[in-house]
Amino acid sequence: MARSFVMALAAVATLALVVPAHAQDGGANVWLKSACANCHGNLADGDGDPAYPPGPSLRKTKLDADLLRETISCGRPGTKMPFHLDGAYTKTSCYGVPVGAVPDQTAKGAQLTEQQIKTLVDFLVANVVGQARLNKKYCAAFNEGNQNAPECLQYPQ
């Protein structure tokens, strides 16, 4: 019995080392839930479907984690980038503007919690930002760690 437990524990520990962080933190799930791919592309490289407004490549972004968090939370008034933080502007100040009404020409997005946005930003920083050259590893981050997912087969190791 103890031997089986030790073997199971070793298997779980090995799996934790092999499976990318997104499987543990849910960042890829938040990405999907928020429909980020509609504008930023399935792998965040800005290859959005022509039916959606084109979003910039997050792989080439110059935004750091704090600016990503603010942009995702508060959107970009006057652009197609929606705000995703539940209560942005009305309960939480954005861009230093006092709490009040949502500014005109500001689209509402997925309505995420602060923790979900942190999880998404952590995922993006770990798997996307600065990774302009796509490979199986970065594709797998969006596919439950599966480097052999059909959409990942086109990329080199």
# chains A, B, ... in the order shown; residues from 1 in each chain; ligands from 1
>>> residues_around(residues="region 103-110 of chain A", least_positions_apart="5", cutoff="12 Å", atoms="only C-alpha atoms", output="short mmCIF file (atom, residue, chain, number, x, y, z; two decimals) with C-alpha atoms, in the first residue's frame")
data_model
loop_
_atom_site.label_atom_id
_atom_site.label_comp_id
_atom_site.auth_asym_id
_atom_site.auth_seq_id
_atom_site.Cartn_x
_atom_site.Cartn_y
_atom_site.Cartn_z
CA VAL A 30 -9.30 32.50 -18.92
CA TRP A 31 -7.93 33.35 -22.40
CA LEU A 32 -10.63 31.18 -23.98
CA LYS A 33 -13.43 32.37 -21.69
CA SER A 34 -12.61 35.98 -22.43
CA ALA A 35 -12.60 35.44 -26.21
CA CYS A 36 -9.17 37.08 -26.47
CA ASN A 38 -11.18 36.67 -31.46
CA THR A 71 -5.16 47.21 -20.24
CA ILE A 72 -7.04 43.94 -19.78
CA SER A 73 -8.85 45.28 -16.72
CA CYS A 74 -9.76 48.71 -18.09
CA GLY A 75 -9.67 48.24 -21.85
CA ARG A 76 -8.68 51.14 -24.05
CA PRO A 77 -11.40 53.78 -24.35
CA GLY A 78 -11.97 54.84 -27.94
CA THR A 79 -10.62 51.55 -29.33
CA LYS A 80 -12.00 48.04 -29.82
CA MET A 81 -10.13 46.80 -26.71
CA PRO A 82 -12.87 46.09 -24.13
CA PHE A 83 -12.51 46.25 -20.38
CA HIS A 84 -12.67 42.84 -18.73
CA LEU A 85 -12.63 43.64 -15.01
CA ASP A 86 -16.02 43.31 -13.39
CA GLY A 87 -16.70 46.76 -11.94
CA ALA A 88 -14.03 48.59 -13.95
CA TYR A 89 -14.69 52.34 -13.81
CA THR A 90 -17.85 51.91 -11.71
CA SER A 93 -10.67 53.30 -10.79
CA CYS A 94 -9.06 52.93 -14.20
CA TYR A 95 -6.19 55.02 -15.57
CA VAL A 97 -9.95 58.40 -13.33
CA PRO A 98 -12.21 58.58 -10.26
CA GLN A 116 -8.74 35.79 -13.14
CA ILE A 117 -6.99 38.77 -14.72
#
>>> residues_around(residues="Pro150 (chain A)", least_positions_apart="6", cutoff="12 Å", atoms="only C-alpha atoms", output="VMD selection string")
chain A and resid 136 139 to 140 142 to 143
>>> write_last_selection(atoms="C-alpha atoms", output="CSV table (one decimal), in the first residue's frame")
chain,number,residue,atom,x,y,z
A,136,LYS,CA,5.3,23.5,-30.2
A,139,CYS,CA,1.4,26.4,-29.0
A,140,ALA,CA,0.9,23.6,-26.3
A,142,PHE,CA,-3.0,27.0,-25.3
A,143,ASN,CA,-3.8,23.3,-25.7
>>> residues_around(residues="Ser57 (chain A)", least_positions_apart="3", cutoff="7 Å", atoms="only C-alpha atoms", output="NGL selection string")
:A and (40 or 44-46 or 60-61)
>>> write_last_selection(atoms="C-alpha atoms", output="PDB file, in the first residue's frame")
ATOM      1  CA  HIS A  40      -5.428  38.559 -30.827  1.00  0.00           C
ATOM      2  CA  ALA A  44      -1.871  35.568 -29.292  1.00  0.00           C
ATOM      3  CA  ASP A  45       0.130  36.439 -32.372  1.00  0.00           C
ATOM      4  CA  GLY A  46      -2.371  38.915 -33.811  1.00  0.00           C
ATOM      5  CA  LYS A  60       5.531  41.337 -29.696  1.00  0.00           C
ATOM      6  CA  THR A  61       3.965  43.648 -27.112  1.00  0.00           C
TER       7      THR A  61
END
>>> select_by_dssp(residues="region 37-118 of chain A", states="helix (DSSP H, G or I)", output="ChimeraX atom specification")
/A:37-40,65-74,114-118
>>> closest_residue(among="A:Leu63, A:Gly100, A:Pro56, A:Gln115", to="Gly130 (chain A)", atoms="only C-alpha atoms")
A:Leu63
>>> select_by_dssp(residues="region 17-89 of chain A", states="strand (DSSP E or B)", output="JSON, numbers by chain")
{"A": [83, 84, 85, 88]}
>>> write_last_selection(atoms="N, CA and C atoms", output="PDB file, in the first residue's frame")
ATOM      1  N   PHE A  83     -12.955  46.467 -21.751  1.00  0.00           N
ATOM      2  CA  PHE A  83     -12.506  46.254 -20.379  1.00  0.00           C
ATOM      3  C   PHE A  83     -13.075  44.924 -19.914  1.00  0.00           C
ATOM      4  N   HIS A  84     -12.259  44.173 -19.165  1.00  0.00           N
ATOM      5  CA  HIS A  84     -12.672  42.840 -18.730  1.00  0.00           C
ATOM      6  C   HIS A  84     -12.855  42.721 -17.220  1.00  0.00           C
ATOM      7  N   LEU A  85     -12.477  43.719 -16.455  1.00  0.00           N
ATOM      8  CA  LEU A  85     -12.628  43.644 -15.005  1.00  0.00           C
ATOM      9  C   LEU A  85     -14.059  43.974 -14.617  1.00  0.00           C
ATOM     10  N   ALA A  88     -14.987  47.571 -13.475  1.00  0.00           N
ATOM     11  CA  ALA A  88     -14.029  48.586 -13.948  1.00  0.00           C
ATOM     12  C   ALA A  88     -14.772  49.899 -14.160  1.00  0.00           C
TER      13      ALA A  88
END
>>> atom_distance(atom1="CA of Gly41 (chain A)", atom2="CA of Gly55 (chain A)")
7.8 Å
>>> atom_distance(atom1="CA of Pro54 (chain A)", atom2="CA of Cys39 (chain A)")
5.1 Å
>>> decode(residues="region 11-132 of chain A", atoms="C-alpha atoms", output="PDB file, in the first residue's frame")
ATOM      1  CA  ALA A  11       3.808  10.146 -10.927  1.00  0.00           C
ATOM      2  CA  VAL A  12       1.938  13.281  -9.844  1.00  0.00           C
ATOM      3  CA  ALA A  13       5.207  15.107  -9.132  1.00  0.00           C
ATOM      4  CA  THR A  14       6.568  14.123 -12.534  1.00  0.00           C
ATOM      5  CA  LEU A  15       3.375  15.266 -14.235  1.00  0.00           C
ATOM      6  CA  ALA A  16       3.554  18.606 -12.427  1.00  0.00           C
ATOM      7  CA  LEU A  17       7.034  19.135 -13.867  1.00  0.00           C
ATOM      8  CA  VAL A  18       5.993  18.175 -17.389  1.00  0.00           C
ATOM      9  CA  VAL A  19       2.668  20.017 -17.658  1.00  0.00           C
ATOM     10  CA  PRO A  20       3.074  23.781 -18.256  1.00  0.00           C
ATOM     11  CA  ALA A  21       1.964  26.234 -15.601  1.00  0.00           C
ATOM     12  CA  HIS A  22      -1.264  27.077 -17.473  1.00  0.00           C
ATOM     13  CA  ALA A  23      -2.706  23.693 -16.602  1.00  0.00           C
ATOM     14  CA  GLN A  24      -2.245  24.540 -12.945  1.00  0.00           C
ATOM     15  CA  ASP A  25      -3.340  28.177 -13.013  1.00  0.00           C
ATOM     16  CA  GLY A  26      -6.020  28.171 -15.694  1.00  0.00           C
ATOM     17  CA  GLY A  27      -4.551  31.044 -17.739  1.00  0.00           C
ATOM     18  CA  ALA A  28      -5.372  29.369 -21.045  1.00  0.00           C
ATOM     19  CA  ASN A  29      -8.931  28.819 -19.810  1.00  0.00           C
ATOM     20  CA  VAL A  30      -9.304  32.505 -18.920  1.00  0.00           C
ATOM     21  CA  TRP A  31      -7.933  33.346 -22.399  1.00  0.00           C
ATOM     22  CA  LEU A  32     -10.628  31.184 -23.980  1.00  0.00           C
ATOM     23  CA  LYS A  33     -13.434  32.366 -21.689  1.00  0.00           C
ATOM     24  CA  SER A  34     -12.610  35.984 -22.427  1.00  0.00           C
ATOM     25  CA  ALA A  35     -12.600  35.438 -26.207  1.00  0.00           C
ATOM     26  CA  CYS A  36      -9.168  37.082 -26.469  1.00  0.00           C
ATOM     27  CA  ALA A  37      -8.425  34.921 -29.522  1.00  0.00           C
ATOM     28  CA  ASN A  38     -11.183  36.668 -31.460  1.00  0.00           C
ATOM     29  CA  CYS A  39      -8.908  39.691 -31.860  1.00  0.00           C
ATOM     30  CA  HIS A  40      -5.428  38.559 -30.827  1.00  0.00           C
ATOM     31  CA  GLY A  41      -5.478  35.179 -32.603  1.00  0.00           C
ATOM     32  CA  ASN A  42      -5.546  31.643 -31.245  1.00  0.00           C
ATOM     33  CA  LEU A  43      -1.921  31.834 -30.109  1.00  0.00           C
ATOM     34  CA  ALA A  44      -1.871  35.568 -29.292  1.00  0.00           C
ATOM     35  CA  ASP A  45       0.130  36.439 -32.372  1.00  0.00           C
ATOM     36  CA  GLY A  46      -2.371  38.915 -33.811  1.00  0.00           C
ATOM     37  CA  ASP A  47      -3.726  36.672 -36.544  1.00  0.00           C
ATOM     38  CA  GLY A  48      -7.383  37.341 -35.781  1.00  0.00           C
ATOM     39  CA  ASP A  49     -10.129  36.075 -38.028  1.00  0.00           C
ATOM     40  CA  PRO A  50     -11.159  38.757 -40.567  1.00  0.00           C
ATOM     41  CA  ALA A  51     -14.641  38.630 -39.030  1.00  0.00           C
ATOM     42  CA  TYR A  52     -13.200  40.169 -35.851  1.00  0.00           C
ATOM     43  CA  PRO A  53     -11.341  43.425 -35.276  1.00  0.00           C
ATOM     44  CA  PRO A  54      -7.597  42.851 -35.590  1.00  0.00           C
ATOM     45  CA  GLY A  55      -5.744  42.981 -32.295  1.00  0.00           C
ATOM     46  CA  PRO A  56      -2.008  43.400 -31.920  1.00  0.00           C
ATOM     47  CA  SER A  57       0.341  40.498 -31.385  1.00  0.00           C
ATOM     48  CA  LEU A  58       0.787  39.982 -27.664  1.00  0.00           C
ATOM     49  CA  ARG A  59       3.973  38.095 -28.483  1.00  0.00           C
ATOM     50  CA  LYS A  60       5.531  41.337 -29.696  1.00  0.00           C
ATOM     51  CA  THR A  61       3.965  43.648 -27.112  1.00  0.00           C
ATOM     52  CA  LYS A  62       6.157  46.031 -25.152  1.00  0.00           C
ATOM     53  CA  LEU A  63       3.676  46.058 -22.247  1.00  0.00           C
ATOM     54  CA  ASP A  64       4.954  44.670 -18.963  1.00  0.00           C
ATOM     55  CA  ALA A  65       2.782  42.681 -16.546  1.00  0.00           C
ATOM     56  CA  ASP A  66       1.400  45.798 -14.813  1.00  0.00           C
ATOM     57  CA  LEU A  67       0.435  47.477 -18.078  1.00  0.00           C
ATOM     58  CA  LEU A  68      -1.080  44.251 -19.408  1.00  0.00           C
ATOM     59  CA  ARG A  69      -3.135  43.946 -16.213  1.00  0.00           C
ATOM     60  CA  GLU A  70      -4.360  47.541 -16.536  1.00  0.00           C
ATOM     61  CA  THR A  71      -5.155  47.208 -20.236  1.00  0.00           C
ATOM     62  CA  ILE A  72      -7.040  43.938 -19.778  1.00  0.00           C
ATOM     63  CA  SER A  73      -8.850  45.282 -16.724  1.00  0.00           C
ATOM     64  CA  CYS A  74      -9.755  48.713 -18.091  1.00  0.00           C
ATOM     65  CA  GLY A  75      -9.669  48.245 -21.849  1.00  0.00           C
ATOM     66  CA  ARG A  76      -8.675  51.140 -24.054  1.00  0.00           C
ATOM     67  CA  PRO A  77     -11.398  53.775 -24.346  1.00  0.00           C
ATOM     68  CA  GLY A  78     -11.967  54.840 -27.944  1.00  0.00           C
ATOM     69  CA  THR A  79     -10.619  51.548 -29.335  1.00  0.00           C
ATOM     70  CA  LYS A  80     -12.004  48.044 -29.822  1.00  0.00           C
ATOM     71  CA  MET A  81     -10.129  46.799 -26.707  1.00  0.00           C
ATOM     72  CA  PRO A  82     -12.868  46.086 -24.127  1.00  0.00           C
ATOM     73  CA  PHE A  83     -12.506  46.254 -20.379  1.00  0.00           C
ATOM     74  CA  HIS A  84     -12.672  42.840 -18.730  1.00  0.00           C
ATOM     75  CA  LEU A  85     -12.628  43.644 -15.005  1.00  0.00           C
ATOM     76  CA  ASP A  86     -16.017  43.315 -13.390  1.00  0.00           C
ATOM     77  CA  GLY A  87     -16.699  46.755 -11.936  1.00  0.00           C
ATOM     78  CA  ALA A  88     -14.029  48.586 -13.948  1.00  0.00           C
ATOM     79  CA  TYR A  89     -14.695  52.335 -13.815  1.00  0.00           C
ATOM     80  CA  THR A  90     -17.850  51.907 -11.708  1.00  0.00           C
ATOM     81  CA  LYS A  91     -16.264  50.200  -8.668  1.00  0.00           C
ATOM     82  CA  THR A  92     -12.554  50.275  -9.498  1.00  0.00           C
ATOM     83  CA  SER A  93     -10.673  53.297 -10.791  1.00  0.00           C
ATOM     84  CA  CYS A  94      -9.056  52.935 -14.200  1.00  0.00           C
ATOM     85  CA  TYR A  95      -6.185  55.020 -15.569  1.00  0.00           C
ATOM     86  CA  GLY A  96      -6.404  57.272 -12.504  1.00  0.00           C
ATOM     87  CA  VAL A  97      -9.946  58.402 -13.328  1.00  0.00           C
ATOM     88  CA  PRO A  98     -12.213  58.575 -10.261  1.00  0.00           C
ATOM     89  CA  VAL A  99     -14.855  55.856  -9.934  1.00  0.00           C
ATOM     90  CA  GLY A 100     -17.974  56.775 -11.879  1.00  0.00           C
ATOM     91  CA  ALA A 101     -19.577  56.031 -15.203  1.00  0.00           C
ATOM     92  CA  VAL A 102     -17.885  53.960 -17.871  1.00  0.00           C
ATOM     93  CA  PRO A 103     -16.410  56.370 -20.441  1.00  0.00           C
ATOM     94  CA  ASP A 104     -18.136  56.661 -23.810  1.00  0.00           C
ATOM     95  CA  GLN A 105     -16.719  54.455 -26.536  1.00  0.00           C
ATOM     96  CA  THR A 106     -15.509  51.886 -23.997  1.00  0.00           C
ATOM     97  CA  ALA A 107     -16.574  48.327 -24.741  1.00  0.00           C
ATOM     98  CA  LYS A 108     -17.523  45.838 -22.028  1.00  0.00           C
ATOM     99  CA  GLY A 109     -15.724  42.497 -22.125  1.00  0.00           C
ATOM    100  CA  ALA A 110     -15.837  39.239 -20.178  1.00  0.00           C
ATOM    101  CA  GLN A 111     -16.296  40.668 -16.656  1.00  0.00           C
ATOM    102  CA  LEU A 112     -13.491  38.816 -14.896  1.00  0.00           C
ATOM    103  CA  THR A 113     -12.371  38.950 -11.288  1.00  0.00           C
ATOM    104  CA  GLU A 114      -9.031  40.508 -10.343  1.00  0.00           C
ATOM    105  CA  GLN A 115      -7.698  36.984  -9.682  1.00  0.00           C
ATOM    106  CA  GLN A 116      -8.738  35.792 -13.141  1.00  0.00           C
ATOM    107  CA  ILE A 117      -6.988  38.769 -14.717  1.00  0.00           C
ATOM    108  CA  LYS A 118      -3.863  38.093 -12.659  1.00  0.00           C
ATOM    109  CA  THR A 119      -3.991  34.450 -13.778  1.00  0.00           C
ATOM    110  CA  LEU A 120      -4.340  35.536 -17.415  1.00  0.00           C
ATOM    111  CA  VAL A 121      -1.484  38.041 -17.176  1.00  0.00           C
ATOM    112  CA  ASP A 122       0.771  35.471 -15.476  1.00  0.00           C
ATOM    113  CA  PHE A 123      -0.038  33.033 -18.291  1.00  0.00           C
ATOM    114  CA  LEU A 124       0.709  35.633 -20.967  1.00  0.00           C
ATOM    115  CA  VAL A 125       3.998  36.669 -19.375  1.00  0.00           C
ATOM    116  CA  ALA A 126       5.105  33.033 -18.995  1.00  0.00           C
ATOM    117  CA  ASN A 127       3.992  31.777 -22.410  1.00  0.00           C
ATOM    118  CA  VAL A 128       3.438  34.652 -24.810  1.00  0.00           C
ATOM    119  CA  VAL A 129       5.146  37.996 -24.204  1.00  0.00           C
ATOM    120  CA  GLY A 130       8.540  38.054 -25.881  1.00  0.00           C
ATOM    121  CA  GLN A 131       7.951  34.702 -27.582  1.00  0.00           C
ATOM    122  CA  ALA A 132       7.541  36.043 -31.106  1.00  0.00           C
TER     123      ALA A 132
END
